[in-house]
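J.: To be precise about what I am sending: the file is called input-v6.cif and holds mmCIF, C-alpha atoms.
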```cif
data_start
loop_
_atom_site.label_atom_id
_atom_site.label_comp_id
_atom_site.auth_asym_id
_atom_site.auth_seq_id
_atom_site.Cartn_x
_atom_site.Cartn_y
_atom_site.Cartn_z
CA MET A 126 -2.06 159.32 132.62
CA ASP A 127 -1.66 161.67 129.65
CA LEU A 128 -0.66 159.63 126.59
CA THR A 129 -1.35 162.35 124.00
CA ASP A 130 1.79 164.53 123.95
CA PRO A 131 4.26 163.15 121.35
CA THR A 132 7.50 164.11 123.08
CA ASP A 133 10.26 162.37 125.01
CA ARG A 134 8.82 163.55 128.34
CA ILE A 135 5.62 162.62 130.13
CA GLU A 136 4.06 163.28 133.51
CA LEU A 137 2.90 160.34 135.62
CA GLY A 138 1.21 161.76 138.66
CA GLY A 139 3.85 163.86 140.37
CA VAL A 140 6.76 162.17 138.55
CA THR A 141 8.29 163.40 135.30
CA VAL A 142 9.76 160.72 133.02
CA THR A 143 12.19 161.63 130.24
CA ARG A 144 13.79 159.28 127.73
CA VAL A 145 17.46 159.94 126.90
CA LYS A 146 18.80 157.93 123.98
CA GLU A 147 22.25 156.43 123.64
CA PHE A 148 21.93 153.87 120.85
CA TYR A 149 19.39 152.63 118.34
CA GLY A 150 20.05 150.17 115.56
CA PRO A 151 20.97 146.59 114.64
CA ILE A 152 22.69 144.54 117.32
CA GLY A 153 23.92 141.62 115.23
CA PHE A 154 21.15 139.11 115.94
CA THR A 155 18.43 137.58 113.82
CA PRO A 156 15.08 137.41 115.63
CA GLU A 157 15.42 133.63 115.86
CA ALA A 158 18.80 133.93 117.59
CA PHE A 159 17.71 136.75 119.88
CA VAL A 160 14.65 134.95 121.30
CA PRO A 161 15.36 131.40 120.16
CA THR A 162 12.20 129.66 121.35
CA ILE A 163 9.86 131.81 119.24
CA PRO A 164 9.12 129.89 116.03
CA GLU A 165 10.20 131.49 112.77
CA ASP A 166 6.62 131.52 111.48
CA ALA A 167 5.54 133.55 114.54
CA TRP A 168 8.07 136.25 113.66
CA ARG A 169 6.74 136.27 110.11
CA ALA A 170 3.12 136.44 111.27
CA ASN A 171 3.86 139.56 113.29
CA ALA A 172 6.23 141.21 110.82
CA ASP A 173 3.78 143.97 109.88
CA TRP A 174 3.91 145.64 113.31
CA LEU A 175 7.42 144.59 114.33
CA ALA A 176 8.92 146.50 111.38
CA PRO A 177 10.71 148.83 111.35
CA ASP A 178 11.06 149.62 115.06
CA PHE A 179 11.99 146.15 116.31
CA VAL A 180 13.00 144.06 113.30
CA ASP A 181 14.41 145.11 109.92
CA PRO A 182 12.70 142.76 107.45
CA ARG A 183 15.21 143.57 104.69
CA THR A 184 18.13 142.16 106.67
CA ASN A 185 16.21 139.99 109.17
CA THR A 186 18.04 141.67 112.05
CA VAL A 187 16.84 142.83 115.44
CA HIS A 188 16.85 146.56 116.14
CA SER A 189 17.31 147.54 119.76
CA ALA A 190 17.53 150.74 121.77
CA VAL A 191 19.80 151.61 124.64
CA GLN A 192 18.23 154.42 126.64
CA THR A 193 18.15 155.89 130.11
CA TRP A 194 14.92 156.78 131.83
CA VAL A 195 15.29 160.01 133.81
CA LEU A 196 12.80 160.42 136.64
CA ARG A 197 12.23 163.58 138.63
CA SER A 198 10.40 162.73 141.83
CA GLU A 199 10.07 164.61 145.14
CA GLY A 200 12.86 166.99 144.17
CA LYS A 201 15.33 164.25 143.21
CA THR A 202 16.78 163.31 139.82
CA ILE A 203 16.93 159.55 139.27
CA LEU A 204 18.45 157.60 136.38
CA VAL A 205 17.21 154.13 135.51
CA ASP A 206 20.15 152.34 133.85
CA THR A 207 23.17 154.07 132.35
CA GLY A 208 23.68 152.41 128.98
CA ALA A 209 26.90 151.25 127.37
CA GLY A 210 29.20 154.18 128.14
CA ASP A 211 32.20 155.60 126.32
CA ASP A 212 35.74 154.28 126.03
CA LYS A 213 35.00 150.83 127.45
CA GLU A 214 37.06 147.82 126.41
CA ARG A 215 34.58 145.08 125.43
CA PRO A 216 36.60 142.45 123.55
CA TYR A 217 33.77 139.88 123.62
CA SER A 218 30.92 142.36 123.07
CA PRO A 219 32.51 144.65 120.47
CA ILE A 220 29.28 146.46 119.62
CA TRP A 221 29.53 148.12 123.06
CA GLY A 222 33.27 148.75 122.96
CA ARG A 223 35.19 152.02 122.47
CA LEU A 224 32.08 154.08 121.83
CA ARG A 225 31.65 157.84 121.55
CA THR A 226 27.91 158.22 121.91
CA GLY A 227 27.33 161.84 122.86
CA PHE A 228 25.13 160.58 125.69
CA LEU A 229 26.14 163.19 128.27
CA GLY A 230 25.30 165.91 125.76
CA ARG A 231 21.82 164.47 125.28
CA LEU A 232 21.47 164.18 129.04
CA ALA A 233 22.35 167.88 129.26
CA GLU A 234 19.71 168.64 126.62
CA ALA A 235 17.23 166.97 128.97
CA GLY A 236 18.32 169.43 131.67
CA VAL A 237 20.53 167.07 133.65
CA ALA A 238 24.21 167.68 134.46
CA PRO A 239 26.15 164.79 136.06
CA GLU A 240 26.33 166.58 139.41
CA ASP A 241 22.53 166.96 139.42
CA VAL A 242 21.88 163.23 139.66
CA ASP A 243 20.81 162.02 143.10
CA ILE A 244 20.18 158.32 142.46
CA VAL A 245 21.32 155.83 139.82
CA ILE A 246 19.41 152.56 139.52
CA ASN A 247 21.06 149.62 137.77
CA THR A 248 18.28 147.16 136.94
CA HIS A 249 21.09 144.60 136.53
CA LEU A 250 24.81 144.61 135.82
CA HIS A 251 25.04 143.77 132.11
CA THR A 252 27.39 145.84 129.98
CA ASP A 253 24.64 147.89 128.29
CA HIS A 254 23.07 148.94 131.62
CA VAL A 255 26.01 150.21 133.66
CA GLY A 256 28.42 151.83 131.20
CA TRP A 257 27.86 155.44 132.21
CA ASN A 258 28.20 154.55 135.88
CA THR A 259 31.77 155.68 135.28
CA ARG A 260 33.80 157.84 132.91
CA LEU A 261 37.47 157.82 132.03
CA ASP A 262 39.49 160.51 133.81
CA GLY A 263 43.02 160.23 132.45
CA ARG A 264 43.75 156.55 133.07
CA GLU A 265 41.25 156.07 135.91
CA TRP A 266 37.56 155.15 135.93
CA VAL A 267 35.66 157.54 138.19
CA PRO A 268 31.94 157.86 138.99
CA THR A 269 30.19 159.87 136.28
CA PHE A 270 27.62 161.15 138.78
CA PRO A 271 29.66 162.35 141.75
CA ASN A 272 26.75 163.16 144.05
CA ALA A 273 24.62 160.10 143.35
CA THR A 274 23.85 157.00 145.34
CA TYR A 275 24.04 153.98 143.04
CA LEU A 276 21.44 151.35 143.92
CA VAL A 277 22.76 147.87 143.05
CA HIS A 278 21.09 144.60 143.97
CA GLN A 279 23.20 142.50 146.32
CA ASP A 280 22.68 139.31 144.28
CA ASP A 281 23.90 140.87 141.04
CA TYR A 282 26.87 142.44 142.80
CA GLU A 283 27.93 139.04 144.09
CA PHE A 284 27.15 137.19 140.85
CA TRP A 285 29.10 139.51 138.54
CA ASN A 286 32.07 140.07 140.84
CA PRO A 287 34.77 138.12 138.97
CA GLU A 288 36.40 137.15 142.28
CA ASN A 289 33.43 134.82 142.87
CA GLY A 290 33.89 132.94 139.59
CA HIS A 291 30.23 132.34 138.75
CA PRO A 292 29.61 130.75 135.33
CA THR A 293 27.23 132.69 133.08
CA VAL A 294 25.37 132.18 129.81
CA LEU A 295 27.25 135.23 128.50
CA GLY A 296 30.57 133.43 128.67
CA ARG A 297 33.09 136.27 128.46
CA GLY A 298 30.50 138.71 127.13
CA ASN A 299 30.47 140.79 130.31
CA GLN A 300 34.27 140.85 130.68
CA ASN A 301 35.70 144.06 132.24
CA VAL A 302 32.24 145.39 133.14
CA PHE A 303 32.47 144.90 136.90
CA GLU A 304 36.02 146.21 137.00
CA ASP A 305 35.43 149.43 135.04
CA SER A 306 31.77 150.25 135.72
CA VAL A 307 30.86 148.85 139.15
CA ALA A 308 33.94 148.45 141.35
CA PRO A 309 35.12 152.09 140.95
CA VAL A 310 31.77 153.38 142.20
CA HIS A 311 31.85 150.95 145.11
CA ARG A 312 35.38 152.06 146.03
CA ALA A 313 34.16 155.65 145.99
CA GLY A 314 31.56 154.75 148.63
CA GLN A 315 28.62 155.56 146.37
CA VAL A 316 27.05 152.08 146.03
CA ARG A 317 24.17 151.02 148.23
CA LEU A 318 23.52 147.29 148.06
CA TRP A 319 19.95 146.17 148.69
CA GLU A 320 17.83 143.00 148.70
CA GLY A 321 14.13 142.19 148.51
CA SER A 322 12.52 145.62 148.20
CA HIS A 323 13.81 149.14 148.57
CA ARG A 324 11.59 152.20 148.99
CA ILE A 325 13.04 155.30 147.27
CA ASP A 326 10.21 157.72 148.03
CA ALA A 327 6.43 157.73 148.33
CA ALA A 328 6.05 157.13 144.58
CA LEU A 329 8.94 154.79 143.76
CA ARG A 330 9.85 151.29 144.97
CA LEU A 331 12.45 148.79 143.79
CA ASP A 332 11.65 145.06 143.90
CA SER A 333 13.70 141.98 143.13
CA ALA A 334 12.77 140.39 139.79
CA PRO A 335 15.26 137.52 139.32
CA GLY A 336 15.63 135.36 136.25
CA HIS A 337 17.34 137.40 133.57
CA THR A 338 20.12 137.78 136.13
CA PRO A 339 20.06 136.77 139.80
CA GLY A 340 19.71 140.39 140.94
CA SER A 341 17.50 141.78 138.19
CA ASN A 342 15.00 144.26 139.59
CA VAL A 343 12.09 146.45 138.58
CA LEU A 344 11.08 149.94 139.61
CA THR A 345 7.39 150.50 140.32
CA LEU A 346 5.89 153.99 140.11
CA SER A 347 2.63 154.80 141.86
CA SER A 348 1.66 158.47 141.93
CA GLY A 349 -1.86 159.82 142.02
CA THR A 350 -3.91 157.63 139.70
CA ASP A 351 -0.93 156.73 137.51
CA ARG A 352 1.03 153.49 137.58
CA ALA A 353 4.18 152.42 135.73
CA VAL A 354 6.89 149.81 135.98
CA PHE A 355 10.45 150.06 134.65
CA ILE A 356 11.36 146.46 133.92
CA GLY A 357 14.93 146.46 132.58
CA ASP A 358 15.45 143.27 130.56
CA VAL A 359 12.40 141.37 131.79
CA VAL A 360 11.32 141.99 128.17
CA HIS A 361 13.72 142.48 125.24
CA SER A 362 11.22 142.19 122.40
CA PRO A 363 7.50 143.02 122.24
CA MET A 364 7.03 139.43 121.12
CA GLN A 365 7.72 138.46 124.74
CA ILE A 366 4.70 140.54 125.73
CA VAL A 367 2.52 138.64 123.29
CA ASP A 368 3.82 135.35 124.68
CA PRO A 369 5.71 135.74 127.99
CA HIS A 370 6.87 132.13 127.92
CA HIS A 371 9.81 133.04 125.68
CA ASN A 372 13.21 134.16 126.98
CA SER A 373 15.99 136.01 125.25
CA CYS A 374 19.27 134.18 124.76
CA PHE A 375 20.75 136.21 127.65
CA CYS A 376 18.65 134.91 130.56
CA GLU A 377 20.61 133.15 133.31
CA ASP A 378 17.61 131.31 134.82
CA PRO A 379 15.03 130.53 132.11
CA ALA A 380 12.30 129.31 134.46
CA GLY A 381 12.79 132.23 136.81
CA ALA A 382 12.78 134.70 133.92
CA ARG A 383 9.48 133.34 132.61
CA ALA A 384 7.85 133.48 136.03
CA THR A 385 9.05 137.03 136.64
CA ARG A 386 7.88 138.19 133.19
CA ARG A 387 4.40 136.79 133.65
CA ARG A 388 4.12 138.23 137.15
CA VAL A 389 5.32 141.72 136.21
CA LEU A 390 3.23 141.97 133.03
CA GLY A 391 0.21 140.60 134.89
CA TRP A 392 0.53 143.32 137.52
CA ALA A 393 0.86 145.95 134.81
CA ALA A 394 -2.24 144.70 132.99
CA ASP A 395 -4.25 144.56 136.21
CA HIS A 396 -3.29 148.12 137.16
CA SER A 397 -3.31 149.83 133.73
CA ALA A 398 0.37 150.53 134.29
CA LEU A 399 2.73 151.80 131.63
CA VAL A 400 5.53 149.26 131.01
CA PHE A 401 9.04 150.62 130.34
CA PRO A 402 11.45 147.94 129.06
CA ALA A 403 15.07 148.94 128.69
CA HIS A 404 15.55 148.23 125.00
CA LEU A 405 12.37 148.84 123.01
CA GLY A 406 12.74 151.30 120.17
CA GLY A 407 9.67 152.88 118.64
CA HIS A 408 7.66 154.58 121.36
CA GLY A 409 9.72 152.82 124.02
CA ALA A 410 6.92 151.90 126.42
CA ALA A 411 3.35 150.66 126.36
CA GLU A 412 0.24 149.80 128.30
CA VAL A 413 -0.53 146.08 128.14
CA GLU A 414 -3.68 144.05 128.63
CA HIS A 415 -4.49 140.40 129.18
CA ALA A 416 -5.01 138.44 125.95
CA GLY A 417 -5.58 134.71 126.31
CA ASP A 418 -2.56 133.12 127.95
CA GLY A 419 -0.41 136.15 127.19
CA PHE A 420 -0.73 139.88 126.78
CA ALA A 421 -1.27 142.46 124.07
CA ILE A 422 -0.19 146.03 123.46
CA LYS A 423 -3.15 148.19 124.45
CA LYS A 424 -1.58 151.59 123.81
CA TRP A 425 1.91 152.82 123.03
CA ALA A 426 3.47 155.57 125.12
CA PRO A 427 3.66 159.07 123.63
CA PHE A 428 7.42 159.22 123.23
CA ALA A 429 8.46 160.20 119.72
CA PRO A 430 9.60 157.03 117.93
CA TYR A 431 13.14 156.68 116.71
CA GLU A 432 13.39 157.71 113.08
CA ALA A 433 13.99 154.74 110.81
CA ALA A 434 16.69 156.68 108.94
CA GLU A 435 18.51 157.56 112.16
CA GLY A 436 20.33 154.25 112.41
CA SER A 437 22.65 154.04 115.33
CA VAL A 438 23.15 157.16 117.40
CA ALA A 439 26.36 155.60 118.68
CA GLN A 440 29.67 156.39 117.05
CA ALA A 441 32.63 154.02 117.25
#
```
For the file at hand, write its structure as structure tokens.
T.:
Amino acid sequence: MDLTDPTDRIELGGVTVTRVKEFYGPIGFTPEAFVPTIPEDAWRANADWLAPDFVDPRTNTVHSAVQTWVLRSEGKTILVDTGAGDDKERPYSPIWGRLRTGFLGRLAEAGVAPEDVDIVINTHLHTDHVGWNTRLDGREWVPTFPNATYLVHQDDYEFWNPENGHPTVLGRGNQNVFEDSVAPVHRAGQVRLWEGSHRIDAALRLDSAPGHTPGSNVLTLSSGTDRAVFIGDVVHSPMQIVDPHHNSCFCEDPAGARATRRRVLGWAADHSALVFPAHLGGHGAAEVEHAGDGFAIKKWAPFAPYEAAEGSVAQA
């Protein structure tokens, strides 16, 4: 695993991983509201390394990234999560509403046109993970990636389908998401629902990882001597690596989320695997190691960190 090249692209065995940014900046939460069970003094004790990539100490606000991981494996182009998207109506999550992010242009800079994408993985169906599943064509939402199979966990599809009426900790925060970013792709015949585990190729496997949402899932990479795991929202803040007991305020099943986090991070530490959360700014990913009852950052990935002066790359 080469962790020396400071770019937004690395090679893990026979798989190329590229980070494509959509958003970086404040998301309207204090650290204490974002991960409410972490004591305030613990945030202060770790302020020196949390700033500026994860917390802005001047305003006491969380900084978060929305990014897509592009994998090229066995001749296929695979996207892990599709961000917030453009033109979406998000009345109860306004930070993700009516955006113009330039994301498809940055995807093109990474060498990927929409028609090149073979597989889209949604680690779960929250608004900031499925937005670019679709784009607005006139007055209709159509699949952004016309040749792709979209891999969606059966449990999340059922949970977030508004026809099923499931209550959620988000309240109305995910309103319109299923209708404009999931259902159109399903109607187009491009969704493949799966459960348990799903083998993509010799290097890549999807596994259920419930807790944050019922159908949350992780993508494990095993190629040559390299290991990695793309964990979606199993971790929102690096403080949850230090102490995996703590959940964000968005987790549907707190006990399940804690168990999944400890299991996934434990596997990564045991296998020297690079951990790719969905929302970490800075270098975006890290190797972790066991440290007491929790874990520690052993080594950050080589991705170039977001510039502190960049602010949000999203434009309302």
J.: Nearest residue to Val142 (chain A) out of A:Leu196, A:Ala158, A:Ala273, A:Leu390, using all atoms listed in the file?
T.: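 Under the stated criterion, the closest residue is A:Leu196.
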J.: Is there a way to get, as a PyMOL selection string, all residues within 7 Å of the point (13.3, 141.8, 138.4) in file coordinates, counting all atoms listed in the file?
T.: chain A and resi 332-335+341-343+356+359+385
J.: Do you know which residues the PyMOL selection byres ((chain A and resi 426) around 8) returns on this file, as a PyMOL selection string?
T.: chain A and resi 128+399+408-412+424-425+427-428
J.: When you look at region 165-167 of chain A with a cut-off of 12 Å (counting only C-alpha atoms), what residues show up, excluding the ones that are within fewer than 4 positions of it in the same chain? I need them as a list in words.
T.: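 Those residues are Thr155, Pro156, Glu157, Ala158, Phe159, Val160, Pro161, Asn171, Ala172, Asp173, Leu175, Asn185, Met364, Gln365, Val367, Asp368 and His371 of chain A.
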J.: Could the residues in this selection be saved with C-alpha atoms as a CSV table (one decimal), in the frame of the given file?
T.:
```
chain,number,residue,atom,x,y,z
A,155,THR,CA,18.4,137.6,113.8
A,156,PRO,CA,15.1,137.4,115.6
A,157,GLU,CA,15.4,133.6,115.9
A,158,ALA,CA,18.8,133.9,117.6
A,159,PHE,CA,17.7,136.8,119.9
A,160,VAL,CA,14.6,135.0,121.3
A,161,PRO,CA,15.4,131.4,120.2
A,171,ASN,CA,3.9,139.6,113.3
A,172,ALA,CA,6.2,141.2,110.8
A,173,ASP,CA,3.8,144.0,109.9
A,175,LEU,CA,7.4,144.6,114.3
A,185,ASN,CA,16.2,140.0,109.2
A,364,MET,CA,7.0,139.4,121.1
A,365,GLN,CA,7.7,138.5,124.7
A,367,VAL,CA,2.5,138.6,123.3
A,368,ASP,CA,3.8,135.4,124.7
A,371,HIS,CA,9.8,133.0,125.7
```
J.: Can you pull out every residue within 9 Å of Phe355 (chain A), counting only C-alpha atoms, but drop anything in the same chain fewer than 3 positions away, and send it as a list in words?
T.: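 Close residues of Phe355 (chain A): Trp194, Val205, Thr248, Asn342, Val343, Leu344, Thr345, Leu346, Leu399, Val400, Phe401, Pro402 and Ala403 of chain A.
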J.: Name the residues in contact with Arg387 (chain A) at a cut-off of 12 Å, using only C-alpha atoms, excluding same-chain residues fewer than 6 positions from it; report them as a list in words.
T.: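 Listing them by chain and then by number gives Ala334, Gly336, Ile356, Val359, Val360, Gln365, Ile366, Val367, Asp368, Pro369, His370, His371, Asn372, Ala380, Gly381, Ala393, Ala394, Asp395, Val413, Glu414, His415, Asp418, Gly419 and Phe420 of chain A.
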J.: Pick out the closest residue to Glu288 (chain A) from this set: A:Ala238, A:Ala308, A:Leu318, A:Val389. Count all atoms listed in the file.
T.: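 Ranked by minimum distance to Glu288 (chain A), first place goes to A:Ala308.
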J.: Kindly give the distance, in Å, that separates CA of Arg388 (chain A) and CA of Val302 (chain A), rounded to a single decimal.
T.: 29.3 Å
J.: Report, in Å with one decimal, the straight-line distance from CA of Asp178 (chain A) to CA of Val191 (chain A).
T.: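 Separation of CA of Asp178 (chain A) and CA of Val191 (chain A): 13.1 Å.
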J.: Considering only C-alpha atoms, can you say which of A:Gly340, A:Gly296, A:Pro287, A:Gly208 comes closest to Asn258 (chain A)?
T.: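 Checking each of A:Gly340, A:Gly296, A:Pro287, A:Gly208 against Asn258 (chain A), counting only C-alpha atoms, the winner is A:Gly208.
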J.: Apply the PyMOL selection byres ((chain A and resi 198) around 8) to the file shown and report the selected residues as a ChimeraX atom specification.
T.: /A:139-141,196-197,199-203,326,328
J.: Pick out the closest residue to His254 (chain A) from this set: A:Gly314, A:Gly357, A:Pro219, A:Pro379. Count all atoms listed in the file.
T.: A:Gly357
J.: Rank A:Ser306, A:Ile163, A:Ala170, A:Thr252 by their smallest atom-to-atom distance to Ile220 (chain A), using only C-alpha atoms, and report the top residue only.
T.: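 Looking only at the distances to Ile220 (chain A), the closest residue turns out to be A:Thr252.
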J.: Just the residues within 9 Å of Gln279 (chain A), please, counting only C-alpha atoms, with nothing from its chain fewer than 4 positions along; format it as a ChimeraX atom specification.
T.: /A:283-284,317-320,340
J.: Just to confirm, what's the straight-line distance from CA of Asp206 (chain A) to CA of Phe228 (chain A) in Å (one decimal)?
T.: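 CA of Asp206 (chain A) sits 12.6 Å away from CA of Phe228 (chain A).
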